[in-house]
file query24.pdb (PDB, C-alpha atoms, pLDDT in the B column)
ATOM      1  CA  MET A 259     182.519  37.201 -77.832  1.00 50.00           C
ATOM      2  CA  ASN A 260     181.499  34.301 -80.054  1.00 58.00           C
ATOM      3  CA  ALA A 261     180.027  34.936 -83.479  1.00 59.00           C
ATOM      4  CA  PRO A 262     176.356  33.974 -83.799  1.00 64.00           C
ATOM      5  CA  THR A 263     175.817  30.431 -85.019  1.00 69.00           C
ATOM      6  CA  PRO A 264     173.835  30.195 -88.254  1.00 69.00           C
ATOM      7  CA  PRO A 265     170.600  28.225 -88.134  1.00 70.00           C
ATOM      8  CA  PRO A 266     170.530  24.596 -89.311  1.00 72.00           C
ATOM      9  CA  GLY A 267     170.944  24.179 -93.060  1.00 75.00           C
ATOM     10  CA  TRP A 268     173.019  27.357 -93.566  1.00 76.00           C
ATOM     11  CA  TYR A 269     176.754  26.937 -94.079  1.00 77.00           C
ATOM     12  CA  HIS A 270     179.647  29.006 -95.300  1.00 72.00           C
ATOM     13  CA  ASP A 271     180.772  27.688 -98.703  1.00 72.00           C
ATOM     14  CA  GLY A 272     184.078  29.563 -98.608  1.00 72.00           C
ATOM     15  CA  THR A 273     182.734  32.829-100.044  1.00 73.00           C
ATOM     16  CA  GLN A 274     179.263  33.336 -98.567  1.00 75.00           C
ATOM     17  CA  MET A 275     176.485  31.795 -96.475  1.00 77.00           C
ATOM     18  CA  ARG A 276     174.450  29.331 -98.557  1.00 77.00           C
ATOM     19  CA  TRP A 277     171.683  26.839 -98.019  1.00 74.00           C
ATOM     20  CA  TRP A 278     172.703  23.147 -98.004  1.00 75.00           C
ATOM     21  CA  ASP A 279     169.797  20.716 -98.303  1.00 74.00           C
ATOM     22  CA  GLY A 280     171.857  17.678 -97.351  1.00 74.00           C
ATOM     23  CA  HIS A 281     172.664  16.725-100.960  1.00 76.00           C
ATOM     24  CA  ALA A 282     173.603  19.896-102.819  1.00 75.00           C
ATOM     25  CA  TRP A 283     174.066  23.646-102.386  1.00 73.00           C
ATOM     26  CA  GLY A 284     170.851  25.567-102.897  1.00 71.00           C
ATOM     27  CA  THR A 285     170.473  28.777-104.851  1.00 69.00           C
ATOM     28  CA  GLN A 286     169.591  30.726-101.695  1.00 69.00           C
ATOM     29  CA  THR A 287     172.333  32.908-100.279  1.00 68.00           C
ATOM     30  CA  ALA A 288     172.206  35.192 -97.295  1.00 64.00           C
ATOM     31  CA  ALA A 289     174.258  37.605 -95.276  1.00 45.00           C
ATOM     32  CA  PRO A 290     175.996  36.136 -92.193  1.00 45.00           C
ATOM     33  CA  THR A 291     173.415  37.811 -89.921  1.00 50.00           C
ATOM     34  CA  MET A 292     170.720  35.603 -91.447  1.00 46.00           C
ATOM     35  CA  PRO A 293     167.686  37.894 -91.521  1.00 47.00           C
ATOM     36  CA  GLY A 294     164.226  36.391 -91.513  1.00 49.00           C
ATOM     37  CA  PRO A 295     162.501  33.761 -89.437  1.00 53.00           C
ATOM     38  CA  TYR A 296     165.742  31.814 -88.877  1.00 52.00           C
ATOM     39  CA  GLY A 297     167.830  34.869 -88.068  1.00 51.00           C
ATOM     40  CA  THR A 298     169.307  35.873 -84.778  1.00 51.00           C
ATOM     41  CA  PRO A 299     166.718  35.460 -82.024  1.00 52.00           C
ATOM     42  CA  PRO A 300     165.502  38.689 -80.457  1.00 53.00           C
ATOM     43  CA  ALA A 301     167.318  39.775 -77.328  1.00 57.00           C
ATOM     44  CA  ARG A 302     165.562  38.612 -74.170  1.00 60.00           C
ATOM     45  CA  SER A 303     164.778  41.075 -71.428  1.00 64.00           C
ATOM     46  CA  GLU A 304     166.493  40.720 -68.087  1.00 61.00           C
ATOM     47  CA  GLU A 305     163.210  39.556 -66.594  1.00 65.00           C
ATOM     48  CA  ALA A 306     162.721  36.870 -69.248  1.00 71.00           C
ATOM     49  CA  ALA A 307     166.317  35.673 -68.944  1.00 70.00           C
ATOM     50  CA  GLY A 308     166.028  35.227 -65.179  1.00 73.00           C
ATOM     51  CA  GLN A 309     162.468  33.958 -64.846  1.00 82.00           C
ATOM     52  CA  THR A 310     163.207  30.284 -64.340  1.00 82.00           C
ATOM     53  CA  LEU A 311     165.703  30.760 -61.527  1.00 87.00           C
ATOM     54  CA  ALA A 312     163.543  33.483 -59.969  1.00 86.00           C
ATOM     55  CA  VAL A 313     160.586  31.099 -59.819  1.00 87.00           C
ATOM     56  CA  LEU A 314     162.835  28.321 -58.509  1.00 86.00           C
ATOM     57  CA  SER A 315     164.105  30.513 -55.676  1.00 89.00           C
ATOM     58  CA  HIS A 316     160.535  30.985 -54.388  1.00 88.00           C
ATOM     59  CA  ALA A 317     159.999  27.225 -54.585  1.00 87.00           C
ATOM     60  CA  GLY A 318     162.333  26.937 -51.612  1.00 83.00           C
ATOM     61  CA  ALA A 319     159.255  27.182 -49.402  1.00 80.00           C
ATOM     62  CA  LEU A 320     158.059  23.916 -50.889  1.00 83.00           C
ATOM     63  CA  ILE A 321     161.402  22.176 -51.414  1.00 84.00           C
ATOM     64  CA  GLY A 322     164.728  22.977 -49.831  1.00 77.00           C
ATOM     65  CA  GLY A 323     163.814  25.702 -47.343  1.00 82.00           C
ATOM     66  CA  PHE A 324     166.279  28.585 -47.273  1.00 84.00           C
ATOM     67  CA  ILE A 325     169.012  26.520 -48.984  1.00 81.00           C
ATOM     68  CA  LEU A 326     167.467  26.760 -52.462  1.00 83.00           C
ATOM     69  CA  PRO A 327     167.137  30.576 -52.583  1.00 86.00           C
ATOM     70  CA  LEU A 328     170.580  30.893 -50.951  1.00 85.00           C
ATOM     71  CA  VAL A 329     172.192  28.813 -53.705  1.00 83.00           C
ATOM     72  CA  VAL A 330     170.362  30.762 -56.437  1.00 83.00           C
ATOM     73  CA  TYR A 331     171.343  34.053 -54.775  1.00 86.00           C
ATOM     74  CA  LEU A 332     175.015  33.106 -54.518  1.00 85.00           C
ATOM     75  CA  ILE A 333     175.201  31.839 -58.090  1.00 86.00           C
ATOM     76  CA  GLU A 334     173.244  34.648 -59.758  1.00 82.00           C
ATOM     77  CA  LYS A 335     173.936  37.704 -57.574  1.00 78.00           C
ATOM     78  CA  ASP A 336     176.342  39.266 -60.089  1.00 82.00           C
ATOM     79  CA  LYS A 337     174.696  37.986 -63.273  1.00 85.00           C
ATOM     80  CA  ASN A 338     171.018  38.915 -63.406  1.00 82.00           C
ATOM     81  CA  ARG A 339     169.375  41.643 -61.310  1.00 85.00           C
ATOM     82  CA  PHE A 340     165.881  40.118 -61.674  1.00 85.00           C
ATOM     83  CA  THR A 341     167.022  36.732 -60.394  1.00 85.00           C
ATOM     84  CA  ARG A 342     169.070  38.348 -57.614  1.00 88.00           C
ATOM     85  CA  HIS A 343     166.015  40.365 -56.525  1.00 88.00           C
ATOM     86  CA  HIS A 344     163.740  37.336 -56.319  1.00 88.00           C
ATOM     87  CA  ALA A 345     166.391  35.117 -54.716  1.00 88.00           C
ATOM     88  CA  ALA A 346     167.082  37.785 -52.067  1.00 90.00           C
ATOM     89  CA  GLU A 347     163.367  38.228 -51.425  1.00 91.00           C
ATOM     90  CA  ALA A 348     162.814  34.477 -51.129  1.00 90.00           C
ATOM     91  CA  LEU A 349     165.881  34.034 -48.914  1.00 90.00           C
ATOM     92  CA  ASN A 350     164.829  36.878 -46.619  1.00 90.00           C
ATOM     93  CA  PHE A 351     161.331  35.440 -46.423  1.00 91.00           C
ATOM     94  CA  GLN A 352     162.613  31.952 -45.577  1.00 90.00           C
ATOM     95  CA  LEU A 353     164.861  33.378 -42.850  1.00 92.00           C
ATOM     96  CA  THR A 354     161.974  35.481 -41.511  1.00 91.00           C
ATOM     97  CA  PHE A 355     159.831  32.352 -41.394  1.00 90.00           C
ATOM     98  CA  LEU A 356     162.559  30.528 -39.442  1.00 89.00           C
ATOM     99  CA  VAL A 357     162.647  33.385 -36.909  1.00 91.00           C
ATOM    100  CA  VAL A 358     158.860  33.154 -36.507  1.00 87.00           C
ATOM    101  CA  ILE A 359     159.000  29.373 -36.068  1.00 85.00           C
ATOM    102  CA  PHE A 360     161.800  29.445 -33.488  1.00 86.00           C
ATOM    103  CA  SER A 361     160.224  32.358 -31.593  1.00 85.00           C
ATOM    104  CA  THR A 362     156.857  30.642 -31.454  1.00 81.00           C
ATOM    105  CA  LEU A 363     158.361  27.350 -30.312  1.00 79.00           C
ATOM    106  CA  THR A 364     160.420  29.123 -27.650  1.00 81.00           C
ATOM    107  CA  VAL A 365     157.353  30.913 -26.277  1.00 75.00           C
ATOM    108  CA  ALA A 366     155.384  27.655 -26.357  1.00 74.00           C
ATOM    109  CA  PHE A 367     158.065  25.707 -24.453  1.00 74.00           C
ATOM    110  CA  VAL A 368     158.524  28.488 -21.902  1.00 74.00           C
ATOM    111  CA  GLY A 369     154.751  28.575 -21.451  1.00 69.00           C
ATOM    112  CA  ILE A 370     154.541  24.814 -21.005  1.00 68.00           C
ATOM    113  CA  ALA A 371     157.453  24.801 -18.559  1.00 68.00           C
ATOM    114  CA  SER A 372     155.879  27.562 -16.472  1.00 68.00           C
ATOM    115  CA  GLY A 373     152.465  25.891 -16.485  1.00 67.00           C
ATOM    116  CA  VAL A 374     150.718  28.436 -18.739  1.00 65.00           C
ATOM    117  CA  PRO A 375     148.389  26.665 -21.185  1.00 66.00           C
ATOM    118  CA  ALA A 376     149.715  28.480 -24.240  1.00 64.00           C
ATOM    119  CA  PHE A 377     150.326  25.350 -26.293  1.00 67.00           C
ATOM    120  CA  ALA A 378     147.023  25.503 -28.207  1.00 69.00           C
ATOM    121  CA  ALA A 379     147.499  29.165 -29.073  1.00 71.00           C
ATOM    122  CA  MET A 380     151.075  28.551 -30.224  1.00 74.00           C
ATOM    123  CA  PHE A 381     149.955  25.571 -32.305  1.00 75.00           C
ATOM    124  CA  LEU A 382     147.352  27.749 -34.056  1.00 80.00           C
ATOM    125  CA  LEU A 383     149.947  30.478 -34.613  1.00 80.00           C
ATOM    126  CA  LEU A 384     152.373  27.951 -36.105  1.00 82.00           C
ATOM    127  CA  PHE A 385     149.658  26.508 -38.336  1.00 86.00           C
ATOM    128  CA  GLY A 386     148.682  30.010 -39.536  1.00 87.00           C
ATOM    129  CA  ALA A 387     152.338  30.893 -40.183  1.00 86.00           C
ATOM    130  CA  MET A 388     152.811  27.743 -42.252  1.00 87.00           C
ATOM    131  CA  ILE A 389     149.725  28.455 -44.361  1.00 92.00           C
ATOM    132  CA  ALA A 390     150.850  32.075 -44.922  1.00 90.00           C
ATOM    133  CA  HIS A 391     154.346  30.790 -45.739  1.00 88.00           C
ATOM    134  CA  TYR A 392     153.101  28.530 -48.528  1.00 91.00           C
ATOM    135  CA  VAL A 393     150.570  31.016 -49.904  1.00 93.00           C
ATOM    136  CA  LEU A 394     153.113  33.848 -50.085  1.00 92.00           C
ATOM    137  CA  ALA A 395     155.731  31.583 -51.672  1.00 91.00           C
ATOM    138  CA  VAL A 396     153.259  30.540 -54.383  1.00 92.00           C
ATOM    139  CA  LEU A 397     152.416  34.212 -54.963  1.00 92.00           C
ATOM    140  CA  GLY A 398     156.142  34.883 -55.327  1.00 91.00           C
ATOM    141  CA  MET A 399     156.433  32.094 -57.881  1.00 89.00           C
ATOM    142  CA  ILE A 400     153.463  33.417 -59.855  1.00 91.00           C
ATOM    143  CA  ASN A 401     154.769  36.985 -59.896  1.00 88.00           C
ATOM    144  CA  ALA A 402     158.287  35.888 -60.851  1.00 88.00           C
ATOM    145  CA  SER A 403     156.870  33.798 -63.705  1.00 86.00           C
ATOM    146  CA  ARG A 404     155.076  36.908 -64.976  1.00 87.00           C
ATOM    147  CA  GLY A 405     158.329  38.891 -64.953  1.00 84.00           C
ATOM    148  CA  GLU A 406     157.199  41.187 -62.121  1.00 85.00           C
ATOM    149  CA  TRP A 407     159.572  42.651 -59.520  1.00 87.00           C
ATOM    150  CA  TRP A 408     157.575  41.400 -56.516  1.00 84.00           C
ATOM    151  CA  ARG A 409     158.279  41.831 -52.808  1.00 89.00           C
ATOM    152  CA  TYR A 410     156.955  39.801 -49.891  1.00 87.00           C
ATOM    153  CA  PRO A 411     154.635  41.909 -47.735  1.00 87.00           C
ATOM    154  CA  ILE A 412     156.199  40.469 -44.552  1.00 82.00           C
ATOM    155  CA  ASN A 413     159.961  40.217 -44.611  1.00 84.00           C
ATOM    156  CA  ILE A 414     162.995  41.034 -42.494  1.00 83.00           C
ATOM    157  CA  ARG A 415     165.798  42.223 -44.789  1.00 81.00           C
ATOM    158  CA  PHE A 416     168.677  39.973 -43.730  1.00 81.00           C
ATOM    159  CA  VAL A 417     170.255  39.897 -47.205  1.00 81.00           C
ATOM    160  CA  SER A 418     170.583  42.839 -49.559  1.00 79.00           C
ATOM    161  CA  GLY A 419     170.047  42.529 -53.272  1.00 68.00           C
ATOM    162  CA  ALA A 420     166.338  43.087 -53.616  1.00 65.00           C
ATOM    163  CA  ARG A 421     165.401  46.096 -55.686  1.00 68.00           C
TER     164      ARG A 421
END
call {"tool": "encode", "arguments": {"input": "query24.pdb", "output": "structure tokens"}}
result
Amino acid sequence: MNAPTPPPGWYHDGTQMRWWDGHAWGTQTAAPTMPGPYGTPPARSEEAAGQTLAVLSHAGALIGGFILPLVVYLIEKDKNRFTRHHAAEALNFQLTFLVVIFSTLTVAFVGIASGVPAFAAMFLLLFGAMIAHYVLAVLGMINASRGEWWRYPINIRFVSGAR
């Protein structure tokens, strides 16, 4: 484990940590832990540490489809539980959406081939699924950015990892 790096301006003069103003040593000395406003930053919670990638995994609905949450899931699955949870949720949701799309298209093509006028109904179902897809993905992004352990209300659990 690496020792914490002192903040800018603080250097070890051979015996102790001292302030260097760029021209001369200052009279201020401090312990190596550097208490005060320039000390060691407070430890971040697991939620805070994984927020960015958690939000990014939900953005797969807007950019990248299921590939984006899959990459985040594979990279972070053993590192951060919060990120793994959101990546698994987003990946499961993207895969569920693909199942809905392919099922709807299959029913529509079978209906068209058999002469049943189901095309308009299937088009409306696809349009509604796309709207729900985007709305739920944005809700996932919002909840992940708040540090909340959020789950999609409609999801088939293809991948484990969600809490």
call {"tool": "closest_residue", "arguments": {"input": "query24.pdb", "among": "A:Phe340, A:Leu353, A:Asn401, A:Leu326", "to": "A:Ala306", "atoms": "all atoms listed in the file"}}
result
A:Phe340
call {"tool": "atom_distance", "arguments": {"input": "query24.pdb", "atom1": "atom CA of A:Ala345", "atom2": "atom CA of A:Thr364"}}
result
28.4 Å
call {"tool": "resolve_selection", "arguments": {"input": "query24.pdb", "expression": "the PyMOL selection byres ((chain A and resi 405-410) around 7)", "output": "MDAnalysis selection string"}}
result
chainID A and resid 305:306 309 347 398 401:404 411:413
call {"tool": "residues_near_point", "arguments": {"input": "query24.pdb", "point": "(156.0, 34.3, -28.8)", "cutoff": "12 Å", "atoms": "only C-alpha atoms", "output": "compact mmCIF listing (two decimals) with C-alpha atoms, keeping the file's coordinate frame"}}
result
# COMPACT_ATOMS: atom_id res chain seq x y z
CA VAL A 357 162.65 33.38 -36.91
CA VAL A 358 158.86 33.15 -36.51
CA ILE A 359 159.00 29.37 -36.07
CA PHE A 360 161.80 29.44 -33.49
CA SER A 361 160.22 32.36 -31.59
CA THR A 362 156.86 30.64 -31.45
CA LEU A 363 158.36 27.35 -30.31
CA THR A 364 160.42 29.12 -27.65
CA VAL A 365 157.35 30.91 -26.28
CA ALA A 366 155.38 27.66 -26.36
CA PHE A 367 158.06 25.71 -24.45
CA VAL A 368 158.52 28.49 -21.90
CA GLY A 369 154.75 28.58 -21.45
CA ALA A 376 149.72 28.48 -24.24
CA PHE A 377 150.33 25.35 -26.29
CA ALA A 379 147.50 29.16 -29.07
CA MET A 380 151.07 28.55 -30.22
CA PHE A 381 149.96 25.57 -32.30
CA LEU A 383 149.95 30.48 -34.61
CA LEU A 384 152.37 27.95 -36.10
call {"tool": "atom_distance", "arguments": {"input": "query24.pdb", "atom1": "atom CA of A:Met388", "atom2": "atom CA of A:Leu332"}}
result
25.9 Å
call {"tool": "axis_aligned_box", "arguments": {"input": "query24.pdb", "around": "stretch 400-413 of chain A", "padding_each_side": "4 Å", "output": "AutoDock Vina command-line options"}}
result
--center_x 156.7 --center_y 38.0 --center_z -54.8 --size_x 14.5 --size_y 17.2 --size_z 28.4
call {"tool": "resolve_selection", "arguments": {"input": "query24.pdb", "expression": "the PyMOL selection byres ((chain A and resi 351) around 9)", "output": "list in words"}}
result
Phe324, Ala346, Glu347, Ala348, Leu349, Asn350, Gln352, Leu353, Thr354, Phe355, Leu356, His391, Ala395, Tyr410, Ile412, Asn413, Ile414 and Arg415 of chain A
call {"tool": "atom_distance", "arguments": {"input": "query24.pdb", "atom1": "atom CA of A:Arg342", "atom2": "atom CA of A:Gly386"}}
result
28.5 Å
call {"tool": "closest_residue", "arguments": {"input": "query24.pdb", "among": "A:Tyr392, A:Glu334, A:Gly322, A:Phe416", "to": "A:Thr310", "atoms": "all atoms listed in the file"}}
result
A:Glu334
call {"tool": "closest_residue", "arguments": {"input": "query24.pdb", "among": "A:Leu328, A:Ala307, A:Val313, A:Met275", "to": "A:Val417", "atoms": "only C-alpha atoms"}}
result
A:Leu328
call {"tool": "closest_residue", "arguments": {"input": "query24.pdb", "among": "A:Arg339, A:Ala387, A:Val330, A:Tyr269", "to": "A:Leu314", "atoms": "all atoms listed in the file"}}
result
A:Val330
call {"tool": "closest_residue", "arguments": {"input": "query24.pdb", "among": "A:Trp268, A:Leu382, A:Val393, A:His344", "to": "A:Ala312", "atoms": "all atoms listed in the file"}}
result
A:His344
